[in-house]
>>> print(open('entry-v2.pdb').read())   # PDB, C-alpha atoms
ATOM      1  CA  MET A   1      15.950 -15.402   7.036
ATOM      2  CA  PHE A   2      15.276 -11.751   6.268
ATOM      3  CA  SER A   3      17.327  -9.314   8.320
ATOM      4  CA  PRO A   4      15.534  -5.972   8.796
ATOM      5  CA  PRO A   5      17.586  -2.833   8.146
ATOM      6  CA  THR A   6      18.743  -0.413  10.820
ATOM      7  CA  LEU A   7      17.205   3.046  10.581
ATOM      8  CA  THR A   8      19.438   5.912  11.662
ATOM      9  CA  ILE A   9      18.714   9.636  11.334
ATOM     10  CA  GLY A  10      21.564  11.855  12.428
ATOM     11  CA  ALA A  11      22.600  10.765  15.912
ATOM     12  CA  TYR A  12      19.444   8.731  16.427
ATOM     13  CA  THR A  13      19.347   4.996  15.770
ATOM     14  CA  PHE A  14      15.904   3.458  16.196
ATOM     15  CA  LYS A  15      15.138   0.122  17.823
ATOM     16  CA  ASN A  16      13.313  -0.966  14.687
ATOM     17  CA  PRO A  17      12.798   0.482  11.178
ATOM     18  CA  VAL A  18       9.016   0.921  11.452
ATOM     19  CA  ALA A  19       7.788   4.522  11.761
ATOM     20  CA  LEU A  20       4.411   6.162  12.317
ATOM     21  CA  ALA A  21       3.503   8.592   9.539
ATOM     22  CA  PRO A  22       2.510  12.144  10.424
ATOM     23  CA  MET A  23      -1.246  12.403   9.807
ATOM     24  CA  ALA A  24      -3.107  15.673  10.316
ATOM     25  CA  GLY A  25      -5.706  15.459  13.047
ATOM     26  CA  ILE A  26      -4.624  11.941  14.019
ATOM     27  CA  THR A  27      -1.015  11.593  15.161
ATOM     28  CA  ASP A  28      -1.217  13.836  18.190
ATOM     29  CA  ALA A  29       0.835  13.213  21.327
ATOM     30  CA  VAL A  30      -1.706  10.696  22.648
ATOM     31  CA  PHE A  31      -1.688   8.501  19.547
ATOM     32  CA  ARG A  32       2.079   8.769  19.123
ATOM     33  CA  GLN A  33       2.604   7.500  22.658
ATOM     34  CA  ILE A  34       0.256   4.570  22.076
ATOM     35  CA  CYS A  35       2.009   3.628  18.841
ATOM     36  CA  ARG A  36       5.407   3.789  20.568
ATOM     37  CA  GLN A  37       4.082   1.477  23.281
ATOM     38  CA  HIS A  38       2.998  -1.001  20.631
ATOM     39  CA  GLY A  39       6.223  -1.062  18.676
ATOM     40  CA  ALA A  40       6.652   2.030  16.513
ATOM     41  CA  GLY A  41      10.377   2.745  16.435
ATOM     42  CA  TYR A  42       9.928   6.338  15.332
ATOM     43  CA  THR A  43       6.955   8.705  15.341
ATOM     44  CA  LEU A  44       6.405  12.120  13.764
ATOM     45  CA  ALA A  45       4.017  14.784  14.965
ATOM     46  CA  GLU A  46       1.242  15.927  12.651
ATOM     47  CA  MET A  47       2.156  18.805  10.357
ATOM     48  CA  VAL A  48       2.147  22.326  11.766
ATOM     49  CA  ALA A  49       2.025  25.538   9.750
ATOM     50  CA  SER A  50       5.222  27.585   9.562
ATOM     51  CA  LYS A  51       3.435  30.945   9.865
ATOM     52  CA  LYS A  52       4.375  32.715  13.081
ATOM     53  CA  ASN A  53       0.908  34.181  13.602
ATOM     54  CA  LEU A  54      -0.574  30.655  13.741
ATOM     55  CA  ARG A  55       1.709  29.312  16.469
ATOM     56  CA  ASN A  56      -0.724  30.081  19.247
ATOM     57  CA  SER A  57      -3.853  29.018  17.384
ATOM     58  CA  LYS A  58      -5.992  26.338  19.016
ATOM     59  CA  LYS A  59      -5.001  23.781  16.379
ATOM     60  CA  SER A  60      -1.272  24.498  16.309
ATOM     61  CA  SER A  61      -0.908  24.711  20.088
ATOM     62  CA  THR A  62      -1.315  20.923  20.447
ATOM     63  CA  ARG A  63       1.168  20.180  17.629
ATOM     64  CA  HIS A  64       4.366  21.812  18.860
ATOM     65  CA  ALA A  65       7.331  20.001  20.384
ATOM     66  CA  ASN A  66       6.501  18.713  23.841
ATOM     67  CA  GLN A  67       9.270  17.996  26.342
ATOM     68  CA  ASN A  68       7.162  15.105  27.676
ATOM     69  CA  ASP A  69       7.235  13.298  24.321
ATOM     70  CA  PRO A  70       9.656  10.379  23.978
ATOM     71  CA  GLU A  71      12.885  11.190  22.162
ATOM     72  CA  PRO A  72      13.665  12.003  19.489
ATOM     73  CA  ARG A  73      10.893  14.582  19.222
ATOM     74  CA  ALA A  74      10.172  15.084  15.517
ATOM     75  CA  ILE A  75       8.071  17.992  14.248
ATOM     76  CA  GLN A  76       6.801  18.291  10.679
ATOM     77  CA  LEU A  77       6.566  21.792   9.193
ATOM     78  CA  ILE A  78       4.507  22.830   6.202
ATOM     79  CA  GLY A  79       4.908  26.096   4.340
ATOM     80  CA  THR A  80       6.243  27.760   1.204
ATOM     81  CA  ASP A  81       8.535  30.568   2.331
ATOM     82  CA  PRO A  82      12.152  29.564   3.073
ATOM     83  CA  THR A  83      12.724  32.321   5.636
ATOM     84  CA  GLU A  84       9.441  31.579   7.379
ATOM     85  CA  LEU A  85      10.193  27.845   7.507
ATOM     86  CA  ALA A  86      13.687  28.499   8.859
ATOM     87  CA  ASP A  87      12.267  30.733  11.592
ATOM     88  CA  ALA A  88       9.642  28.119  12.454
ATOM     89  CA  ALA A  89      12.300  25.410  12.607
ATOM     90  CA  ARG A  90      14.425  27.499  14.992
ATOM     91  CA  TRP A  91      11.431  28.133  17.209
ATOM     92  CA  GLN A  92      10.428  24.449  17.287
ATOM     93  CA  VAL A  93      13.982  23.459  18.239
ATOM     94  CA  SER A  94      13.900  26.037  21.036
ATOM     95  CA  GLN A  95      10.768  24.279  22.294
ATOM     96  CA  GLY A  96      12.448  20.875  22.287
ATOM     97  CA  ALA A  97      12.182  19.532  18.722
ATOM     98  CA  GLN A  98      15.078  17.190  17.910
ATOM     99  CA  ILE A  99      14.260  16.440  14.251
ATOM    100  CA  ILE A 100      12.625  18.814  11.760
ATOM    101  CA  ASP A 101      10.704  17.171   8.927
ATOM    102  CA  LEU A 102       9.553  19.189   5.900
ATOM    103  CA  ASN A 103       6.227  18.399   4.244
ATOM    104  CA  LEU A 104       6.440  18.089   0.462
ATOM    105  CA  GLY A 105       3.888  15.318   0.391
ATOM    106  CA  CYS A 106       0.457  16.557   1.472
ATOM    107  CA  PRO A 107      -1.937  16.455  -1.528
ATOM    108  CA  ALA A 108      -4.822  18.311   0.155
ATOM    109  CA  LYS A 109      -6.372  20.964  -2.079
ATOM    110  CA  LYS A 110      -6.213  23.737   0.533
ATOM    111  CA  VAL A 111      -2.491  23.010   1.011
ATOM    112  CA  CYS A 112      -1.554  22.727  -2.659
ATOM    113  CA  SER A 113      -3.604  25.791  -3.600
ATOM    114  CA  VAL A 114      -1.054  27.923  -1.753
ATOM    115  CA  ALA A 115       1.862  26.015  -3.339
ATOM    116  CA  ALA A 116       2.677  24.065  -0.171
ATOM    117  CA  GLY A 117       2.914  20.331   0.454
ATOM    118  CA  SER A 118       3.242  18.191  -2.663
ATOM    119  CA  ALA A 119       2.739  21.266  -4.896
ATOM    120  CA  LEU A 120       6.375  22.104  -4.090
ATOM    121  CA  MET A 121       7.449  19.006  -6.029
ATOM    122  CA  ALA A 122       6.917  21.093  -9.171
ATOM    123  CA  MET A 123       9.274  23.840  -7.925
ATOM    124  CA  PRO A 124      12.781  22.406  -7.469
ATOM    125  CA  ASP A 125      14.372  25.861  -7.211
ATOM    126  CA  ARG A 126      12.058  26.829  -4.361
ATOM    127  CA  VAL A 127      12.725  23.465  -2.731
ATOM    128  CA  VAL A 128      16.483  24.126  -2.815
ATOM    129  CA  ASP A 129      15.949  27.497  -1.126
ATOM    130  CA  ILE A 130      13.837  25.822   1.567
ATOM    131  CA  PHE A 131      16.370  23.047   2.147
ATOM    132  CA  GLU A 132      19.285  25.494   2.423
ATOM    133  CA  SER A 133      17.429  27.892   4.712
ATOM    134  CA  VAL A 134      16.157  25.298   7.161
ATOM    135  CA  VAL A 135      19.362  23.244   7.330
ATOM    136  CA  SER A 136      21.426  26.363   8.040
ATOM    137  CA  ALA A 137      18.933  27.555  10.675
ATOM    138  CA  VAL A 138      19.071  24.578  13.048
ATOM    139  CA  ASN A 139      21.610  22.183  14.500
ATOM    140  CA  VAL A 140      19.318  19.136  14.460
ATOM    141  CA  PRO A 141      18.675  16.681  11.607
ATOM    142  CA  VAL A 142      16.376  17.962   8.865
ATOM    143  CA  THR A 143      14.374  15.406   6.868
ATOM    144  CA  VAL A 144      11.691  15.583   4.184
ATOM    145  CA  LYS A 145       8.589  13.631   3.166
ATOM    146  CA  ILE A 146       7.733  13.702  -0.535
ATOM    147  CA  ARG A 147       5.600  12.023  -3.167
ATOM    148  CA  THR A 148       6.780  10.399  -6.380
ATOM    149  CA  GLY A 149       5.956  13.552  -8.371
ATOM    150  CA  THR A 150       3.105  15.828  -9.324
ATOM    151  CA  ASP A 151       1.402  13.330 -11.687
ATOM    152  CA  GLN A 152       2.152  10.166 -13.637
ATOM    153  CA  GLN A 153       3.851  12.152 -16.416
ATOM    154  CA  HIS A 154       6.004  14.151 -14.037
ATOM    155  CA  LYS A 155       7.741  11.924 -11.500
ATOM    156  CA  ASN A 156      10.756  13.724 -10.091
ATOM    157  CA  ALA A 157      11.228  12.100  -6.679
ATOM    158  CA  VAL A 158      14.779  11.099  -7.588
ATOM    159  CA  GLN A 159      15.650  14.720  -8.438
ATOM    160  CA  ILE A 160      14.166  16.048  -5.178
ATOM    161  CA  ALA A 161      15.908  13.302  -3.186
ATOM    162  CA  GLN A 162      19.281  14.163  -4.716
ATOM    163  CA  LEU A 163      18.688  17.829  -3.923
ATOM    164  CA  ALA A 164      17.885  16.849  -0.342
ATOM    165  CA  GLN A 165      21.145  14.954  -0.026
ATOM    166  CA  THR A 166      23.183  17.712  -1.686
ATOM    167  CA  HIS A 167      21.805  20.372   0.625
ATOM    168  CA  GLY A 168      22.310  18.583   3.913
ATOM    169  CA  LEU A 169      19.094  16.736   4.708
ATOM    170  CA  GLN A 170      19.607  13.524   6.632
ATOM    171  CA  ALA A 171      16.699  11.301   5.534
ATOM    172  CA  ILE A 172      13.874  11.223   3.013
ATOM    173  CA  THR A 173      10.484   9.515   3.130
ATOM    174  CA  VAL A 174       8.754   8.726  -0.161
ATOM    175  CA  HIS A 175       5.029   8.051  -0.441
ATOM    176  CA  GLY A 176       4.483   5.861  -3.488
ATOM    177  CA  ARG A 177       1.849   8.065  -5.123
ATOM    178  CA  THR A 178       1.874  11.330  -7.044
ATOM    179  CA  ARG A 179       0.188  14.516  -5.906
ATOM    180  CA  ALA A 180      -2.574  13.912  -8.479
ATOM    181  CA  ASP A 181      -3.184  10.390  -7.130
ATOM    182  CA  LYS A 182      -3.983  11.712  -3.649
ATOM    183  CA  PHE A 183      -4.829   8.429  -1.881
ATOM    184  CA  SER A 184      -6.541   6.638  -4.766
ATOM    185  CA  GLY A 185      -5.292   3.588  -6.605
ATOM    186  CA  SER A 186      -2.332   1.608  -5.342
ATOM    187  CA  ALA A 187       1.043   2.884  -4.183
ATOM    188  CA  GLU A 188       3.970   1.959  -6.413
ATOM    189  CA  TYR A 189       7.407   1.131  -5.109
ATOM    190  CA  ASP A 190       9.582   1.346  -8.234
ATOM    191  CA  THR A 191      10.134   5.064  -7.681
ATOM    192  CA  ILE A 192      11.079   4.479  -4.054
ATOM    193  CA  LYS A 193      13.539   1.816  -5.216
ATOM    194  CA  ALA A 194      15.021   4.309  -7.707
ATOM    195  CA  VAL A 195      15.352   6.952  -4.975
ATOM    196  CA  LYS A 196      17.161   4.504  -2.709
ATOM    197  CA  HIS A 197      19.545   3.661  -5.548
ATOM    198  CA  ALA A 198      20.198   7.364  -6.242
ATOM    199  CA  VAL A 199      21.094   8.627  -2.753
ATOM    200  CA  ASP A 200      23.165   7.606   0.253
ATOM    201  CA  ILE A 201      20.999   9.165   2.967
ATOM    202  CA  PRO A 202      18.357   6.933   4.614
ATOM    203  CA  VAL A 203      15.185   6.360   2.606
ATOM    204  CA  ILE A 204      11.867   5.450   4.253
ATOM    205  CA  ALA A 205       9.149   3.829   2.143
ATOM    206  CA  ASN A 206       5.501   4.813   2.646
ATOM    207  CA  GLY A 207       2.177   3.905   1.066
ATOM    208  CA  ASP A 208      -0.248   0.956   1.371
ATOM    209  CA  ILE A 209       1.840  -0.941   3.915
ATOM    210  CA  CYS A 210      -0.990  -2.617   5.763
ATOM    211  CA  SER A 211       0.345  -6.024   6.853
ATOM    212  CA  PRO A 212       3.548  -7.660   8.086
ATOM    213  CA  LYS A 213       4.036  -9.510   4.788
ATOM    214  CA  GLN A 214       3.611  -6.296   2.793
ATOM    215  CA  ALA A 215       6.079  -4.550   5.082
ATOM    216  CA  GLN A 216       8.705  -7.196   4.447
ATOM    217  CA  PHE A 217       8.033  -7.146   0.703
ATOM    218  CA  VAL A 218       8.457  -3.360   0.502
ATOM    219  CA  LEU A 219      11.696  -3.412   2.497
ATOM    220  CA  LYS A 220      13.107  -6.174   0.310
ATOM    221  CA  TYR A 221      11.909  -4.709  -2.990
ATOM    222  CA  THR A 222      13.001  -1.132  -2.428
ATOM    223  CA  ALA A 223      16.036  -1.823  -0.186
ATOM    224  CA  ALA A 224      14.713   1.066   1.922
ATOM    225  CA  ASP A 225      16.146   1.779   5.363
ATOM    226  CA  GLY A 226      12.712   1.862   6.943
ATOM    227  CA  ILE A 227       8.982   1.847   6.340
ATOM    228  CA  MET A 228       6.312   4.289   7.439
ATOM    229  CA  ILE A 229       2.822   3.183   8.464
ATOM    230  CA  GLY A 230      -0.106   5.573   8.114
ATOM    231  CA  ARG A 231      -3.729   4.568   7.698
ATOM    232  CA  ALA A 232      -3.146   0.941   8.751
ATOM    233  CA  SER A 233      -2.422   2.164  12.286
ATOM    234  CA  GLN A 234      -5.768   3.928  12.656
ATOM    235  CA  GLY A 235      -7.741   1.874  15.155
ATOM    236  CA  TYR A 236      -5.018  -0.775  15.239
ATOM    237  CA  PRO A 237      -1.719   0.458  16.736
ATOM    238  CA  TRP A 238      -0.690  -3.183  17.233
ATOM    239  CA  ILE A 239       0.246  -3.247  13.534
ATOM    240  CA  PHE A 240       3.729  -2.101  14.607
ATOM    241  CA  ARG A 241       4.459  -5.009  16.923
ATOM    242  CA  GLU A 242       3.037  -7.467  14.407
ATOM    243  CA  ILE A 243       5.312  -6.109  11.675
ATOM    244  CA  ASN A 244       8.348  -6.117  13.981
ATOM    245  CA  HIS A 245       7.652  -9.703  15.011
ATOM    246  CA  TYR A 246       7.309 -10.860  11.407
ATOM    247  CA  LEU A 247      10.440  -9.019  10.254
ATOM    248  CA  THR A 248      12.591 -10.571  12.975
ATOM    249  CA  THR A 249      11.103 -14.089  13.178
ATOM    250  CA  GLY A 250       9.260 -14.717   9.921
ATOM    251  CA  ASN A 251       6.242 -15.777  11.969
ATOM    252  CA  THR A 252       2.820 -14.206  12.337
ATOM    253  CA  ARG A 253       1.944 -12.852  15.755
ATOM    254  CA  SER A 254      -1.500 -13.229  17.319
ATOM    255  CA  PRO A 255      -3.746 -10.191  16.911
ATOM    256  CA  ALA A 256      -4.577  -7.915  19.817
ATOM    257  CA  SER A 257      -6.946  -9.367  22.410
ATOM    258  CA  LEU A 258     -10.213  -7.766  23.448
ATOM    259  CA  ASN A 259      -8.638  -6.862  26.790
ATOM    260  CA  GLU A 260      -5.811  -5.062  24.961
ATOM    261  CA  PHE A 261      -8.390  -3.154  22.919
ATOM    262  CA  TYR A 262     -10.197  -2.206  26.120
ATOM    263  CA  GLU A 263      -7.078  -0.914  27.877
ATOM    264  CA  THR A 264      -5.772   0.936  24.823
ATOM    265  CA  ILE A 265      -9.102   2.534  23.924
ATOM    266  CA  LEU A 266      -9.505   3.764  27.503
ATOM    267  CA  GLN A 267      -5.977   5.190  27.455
ATOM    268  CA  HIS A 268      -6.616   6.826  24.097
ATOM    269  CA  VAL A 269      -9.963   8.403  24.937
ATOM    270  CA  LEU A 270      -8.832   9.619  28.375
ATOM    271  CA  GLY A 271      -5.729  11.089  26.766
ATOM    272  CA  LEU A 272      -7.785  12.936  24.171
ATOM    273  CA  HIS A 273     -10.017  14.401  26.877
ATOM    274  CA  ARG A 274      -6.945  15.659  28.759
ATOM    275  CA  LEU A 275      -5.126  17.015  25.686
ATOM    276  CA  TYR A 276      -8.013  18.812  24.012
ATOM    277  CA  GLY A 277     -10.474  19.453  26.840
ATOM    278  CA  ASP A 278     -13.972  18.089  27.228
ATOM    279  CA  THR A 279     -15.634  19.529  24.130
ATOM    280  CA  LEU A 280     -12.984  18.968  21.474
ATOM    281  CA  GLY A 281     -11.681  15.808  23.133
ATOM    282  CA  VAL A 282     -15.121  14.216  22.985
ATOM    283  CA  ARG A 283     -15.465  15.155  19.330
ATOM    284  CA  ILE A 284     -12.055  13.818  18.307
ATOM    285  CA  ALA A 285     -12.595  10.560  20.215
ATOM    286  CA  ARG A 286     -15.507   9.693  17.906
ATOM    287  CA  LYS A 287     -13.415   9.135  14.788
ATOM    288  CA  HIS A 288     -10.933   6.968  16.690
ATOM    289  CA  ILE A 289     -13.724   4.792  18.091
ATOM    290  CA  GLY A 290     -14.975   4.395  14.530
ATOM    291  CA  TRP A 291     -11.563   3.072  13.488
ATOM    292  CA  TYR A 292     -11.171   0.790  16.502
ATOM    293  CA  GLY A 293     -14.676  -0.500  15.864
ATOM    294  CA  GLN A 294     -13.665  -1.830  12.439
ATOM    295  CA  HIS A 295     -11.609  -4.475  14.271
ATOM    296  CA  LEU A 296     -14.161  -5.318  16.980
ATOM    297  CA  PRO A 297     -17.249  -7.555  17.100
ATOM    298  CA  HIS A 298     -20.356  -5.374  16.791
ATOM    299  CA  GLY A 299     -17.986  -2.454  16.302
ATOM    300  CA  ASP A 300     -20.422  -0.619  14.045
ATOM    301  CA  GLN A 301     -23.012  -0.735  16.806
ATOM    302  CA  LEU A 302     -20.446   0.695  19.233
ATOM    303  CA  ARG A 303     -19.713   3.543  16.827
ATOM    304  CA  LYS A 304     -23.398   4.389  16.387
ATOM    305  CA  GLN A 305     -23.968   4.493  20.144
ATOM    306  CA  PHE A 306     -20.777   6.436  20.783
ATOM    307  CA  ASN A 307     -21.168   9.240  18.236
ATOM    308  CA  PRO A 308     -24.159  11.044  19.840
ATOM    309  CA  LEU A 309     -22.508  11.183  23.282
ATOM    310  CA  ASN A 310     -21.477  14.663  24.393
ATOM    311  CA  SER A 311     -19.657  14.174  27.694
ATOM    312  CA  PRO A 312     -16.371  12.493  28.608
ATOM    313  CA  GLN A 313     -17.996  10.375  31.314
ATOM    314  CA  ALA A 314     -20.710   9.124  28.973
ATOM    315  CA  GLN A 315     -18.036   8.028  26.496
ATOM    316  CA  LEU A 316     -16.068   6.203  29.194
ATOM    317  CA  ASP A 317     -19.218   4.545  30.534
ATOM    318  CA  LEU A 318     -20.155   3.222  27.090
ATOM    319  CA  ILE A 319     -16.676   1.838  26.494
ATOM    320  CA  LYS A 320     -16.803   0.002  29.817
ATOM    321  CA  GLN A 321     -20.301  -1.274  29.086
ATOM    322  CA  TYR A 322     -19.305  -2.504  25.631
ATOM    323  CA  PHE A 323     -16.347  -4.562  26.863
ATOM    324  CA  GLU A 324     -18.263  -5.991  29.799
ATOM    325  CA  THR A 325     -21.140  -7.224  27.638
ATOM    326  CA  PRO A 326     -21.337 -11.036  28.063
ATOM    327  CA  VAL A 327     -21.876 -11.711  24.326
ATOM    328  CA  LEU A 328     -18.286 -10.643  23.710
TER     329      LEU A 328
END
>>> encode(input="entry-v2.pdb", output="structure tokens")
Amino acid sequence: MFSPPTLTIGAYTFKNPVALAPMAGITDAVFRQICRQHGAGYTLAEMVASKKNLRNSKKSSTRHANQNDPEPRAIQLIGTDPTELADAARWQVSQGAQIIDLNLGCPAKKVCSVAAGSALMAMPDRVVDIFESVVSAVNVPVTVKIRTGTDQQHKNAVQIAQLAQTHGLQAITVHGRTRADKFSGSAEYDTIKAVKHAVDIPVIANGDICSPKQAQFVLKYTAADGIMIGRASQGYPWIFREINHYLTTGNTRSPASLNEFYETILQHVLGLHRLYGDTLGVRIARKHIGWYGQHLPHGDQLRKQFNPLNSPQAQLDLIKQYFETPVL
């Protein structure tokens, strides 16, 4: 029988080693709460820019530490300037952040074009400055999320991981693709395995973990301390409980029922309306309904009817109508 590892970051030990990845525009407070309810042991907020002048922007204002979030509250920062990142980390901790995660993994063009995200993988000296500045600025655990390297010819995840350990970081997450790969092709786990072998701090494996069996395989193969689920959770937050069940029992758990979809979708959409307001909340709800619909009968029809709706009540009415339709 496989025994799942225990994931510990600083003073925090999680009930299971399955984490929700930070995803821009997706893992807001509403989605994080839902994933926690369905078995995510650890969740990270979507990345927020380190620049002080952006703290009060409409986008950033929903991404800061929130005292109402379940503990530990983890905030991911993205930036390039060590002093700026240190200042941002201090400010986030003052707002209630309990873990600071640094983004060295985002492959988006607009991020890498300013030498942030995974572009920093090519600048170990700058990375050291960032690690030292942020760790010395706060009294909470600092972690980092990286990729395997900049491209297939330049994989330096082991080097960056060793620098993280040397300079006081307390965990590292590795996405099994290079910056150049973006999200194409398949994630590879040999580099994650090498990172785990090279450092003593906790290592979390990320990339293409879409099923309970794959989760167990990755944990066994890499010997990682945890796994991080990203795209597989979109529209199906029950992936966490299914993975947890398989890791602890070796058995497959029944998928979510239609009633569970109904209750969770209502919670999600209502939460989005409250967090973002009527206009933006309605807009953001559309993409989530599209993802939920991929797991529902006639889900594509639901998506097509949902997308043109412009009011919160119309969205809620359609959801109710869909789940009360006798053909389901």
>>> resolve_selection(input="entry-v2.pdb", expression="the PyMOL selection byres ((chain A and resi 160-173) around 8)", output="ChimeraX atom specification")
/A:9-10,121,124,127-128,131-132,135,141-146,156-159,174-175,195,198-206,228
>>> closest_residue(input="entry-v2.pdb", among="A:Asp87, A:Asp317, A:Asp278, A:Asp101", to="Met47 of chain A", atoms="all atoms listed in the file")
A:Asp101
>>> resolve_selection(input="entry-v2.pdb", expression="the PyMOL selection byres ((chain A and resi 90-94) around 10)", output="list in words")
Ser50, Lys52, Arg55, His64, Ala65, Asn66, Arg73, Ala74, Ile75, Gln76, Leu77, Glu84, Leu85, Ala86, Asp87, Ala88, Ala89, Gln95, Gly96, Ala97, Gln98, Ile99, Ile100, Val134, Ser136, Ala137, Val138, Asn139 and Val140 of chain A
>>> resolve_selection(input="entry-v2.pdb", expression="the PyMOL selection byres ((chain A and resi 148) around 6)", output="MDAnalysis selection string")
chainID A and resid 147 149 155 157 176:178
>>> atom_distance(input="entry-v2.pdb", atom1="atom CA of Ser184 of chain A", atom2="atom CA of Ala116 of chain A")
20.2 Å
>>> residues_around(input="entry-v2.pdb", residues="Ser311 of chain A", least_positions_apart="6", cutoff="12 Å", atoms="all atoms listed in the file", output="PyMOL selection string")
chain A and resi 269-270+273+277-283+285-286+317-318
>>> atom_distance(input="entry-v2.pdb", atom1="atom CA of Ile265 of chain A", atom2="atom CA of Met23 of chain A")
18.9 Å
>>> atom_distance(input="entry-v2.pdb", atom1="atom CA of Pro212 of chain A", atom2="atom CA of Tyr236 of chain A")
13.1 Å
>>> residues_around(input="entry-v2.pdb", residues="Gly226 of chain A", least_positions_apart="5", cutoff="12 Å", atoms="only C-alpha atoms", output="MDAnalysis selection string")
chainID A and resid 4:9 13:21 40:42 171:174 192 196 201:206 209 215:221 243:244 247
>>> write_last_selection(input="entry-v2.pdb", atoms="C-alpha atoms", output="PDB file, in the frame of the given file")
ATOM      1  CA  PRO A   4      15.534  -5.972   8.796  1.00  0.00           C
ATOM      2  CA  PRO A   5      17.586  -2.833   8.146  1.00  0.00           C
ATOM      3  CA  THR A   6      18.743  -0.413  10.820  1.00  0.00           C
ATOM      4  CA  LEU A   7      17.205   3.046  10.581  1.00  0.00           C
ATOM      5  CA  THR A   8      19.438   5.912  11.662  1.00  0.00           C
ATOM      6  CA  ILE A   9      18.714   9.636  11.334  1.00  0.00           C
ATOM      7  CA  THR A  13      19.347   4.996  15.770  1.00  0.00           C
ATOM      8  CA  PHE A  14      15.904   3.458  16.196  1.00  0.00           C
ATOM      9  CA  LYS A  15      15.138   0.122  17.823  1.00  0.00           C
ATOM     10  CA  ASN A  16      13.313  -0.966  14.687  1.00  0.00           C
ATOM     11  CA  PRO A  17      12.798   0.482  11.178  1.00  0.00           C
ATOM     12  CA  VAL A  18       9.016   0.921  11.452  1.00  0.00           C
ATOM     13  CA  ALA A  19       7.788   4.522  11.761  1.00  0.00           C
ATOM     14  CA  LEU A  20       4.411   6.162  12.317  1.00  0.00           C
ATOM     15  CA  ALA A  21       3.503   8.592   9.539  1.00  0.00           C
ATOM     16  CA  ALA A  40       6.652   2.030  16.513  1.00  0.00           C
ATOM     17  CA  GLY A  41      10.377   2.745  16.435  1.00  0.00           C
ATOM     18  CA  TYR A  42       9.928   6.338  15.332  1.00  0.00           C
ATOM     19  CA  ALA A 171      16.699  11.301   5.534  1.00  0.00           C
ATOM     20  CA  ILE A 172      13.874  11.223   3.013  1.00  0.00           C
ATOM     21  CA  THR A 173      10.484   9.515   3.130  1.00  0.00           C
ATOM     22  CA  VAL A 174       8.754   8.726  -0.161  1.00  0.00           C
ATOM     23  CA  ILE A 192      11.079   4.479  -4.054  1.00  0.00           C
ATOM     24  CA  LYS A 196      17.161   4.504  -2.709  1.00  0.00           C
ATOM     25  CA  ILE A 201      20.999   9.165   2.967  1.00  0.00           C
ATOM     26  CA  PRO A 202      18.357   6.933   4.614  1.00  0.00           C
ATOM     27  CA  VAL A 203      15.185   6.360   2.606  1.00  0.00           C
ATOM     28  CA  ILE A 204      11.867   5.450   4.253  1.00  0.00           C
ATOM     29  CA  ALA A 205       9.149   3.829   2.143  1.00  0.00           C
ATOM     30  CA  ASN A 206       5.501   4.813   2.646  1.00  0.00           C
ATOM     31  CA  ILE A 209       1.840  -0.941   3.915  1.00  0.00           C
ATOM     32  CA  ALA A 215       6.079  -4.550   5.082  1.00  0.00           C
ATOM     33  CA  GLN A 216       8.705  -7.196   4.447  1.00  0.00           C
ATOM     34  CA  PHE A 217       8.033  -7.146   0.703  1.00  0.00           C
ATOM     35  CA  VAL A 218       8.457  -3.360   0.502  1.00  0.00           C
ATOM     36  CA  LEU A 219      11.696  -3.412   2.497  1.00  0.00           C
ATOM     37  CA  LYS A 220      13.107  -6.174   0.310  1.00  0.00           C
ATOM     38  CA  TYR A 221      11.909  -4.709  -2.990  1.00  0.00           C
ATOM     39  CA  ILE A 243       5.312  -6.109  11.675  1.00  0.00           C
ATOM     40  CA  ASN A 244       8.348  -6.117  13.981  1.00  0.00           C
ATOM     41  CA  LEU A 247      10.440  -9.019  10.254  1.00  0.00           C
TER      42      LEU A 247
END
>>> closest_residue(input="entry-v2.pdb", among="A:Thr222, A:Asn251, A:Gln234, A:Gln267", to="Gly290 of chain A", atoms="only C-alpha atoms")
A:Gln234
>>> axis_aligned_box(input="entry-v2.pdb", around="segment 194-203 of chain A", padding_each_side="6 Å", output="AutoDock Vina command-line options")
--center_x 19.1 --center_y 6.4 --center_z -1.5 --size_x 20.1 --size_y 17.5 --size_z 24.3
>>> closest_residue(input="entry-v2.pdb", among="A:Ala187, A:Leu296, A:Ala314, A:Ala11", to="Leu258 of chain A", atoms="all atoms listed in the file")
A:Leu296
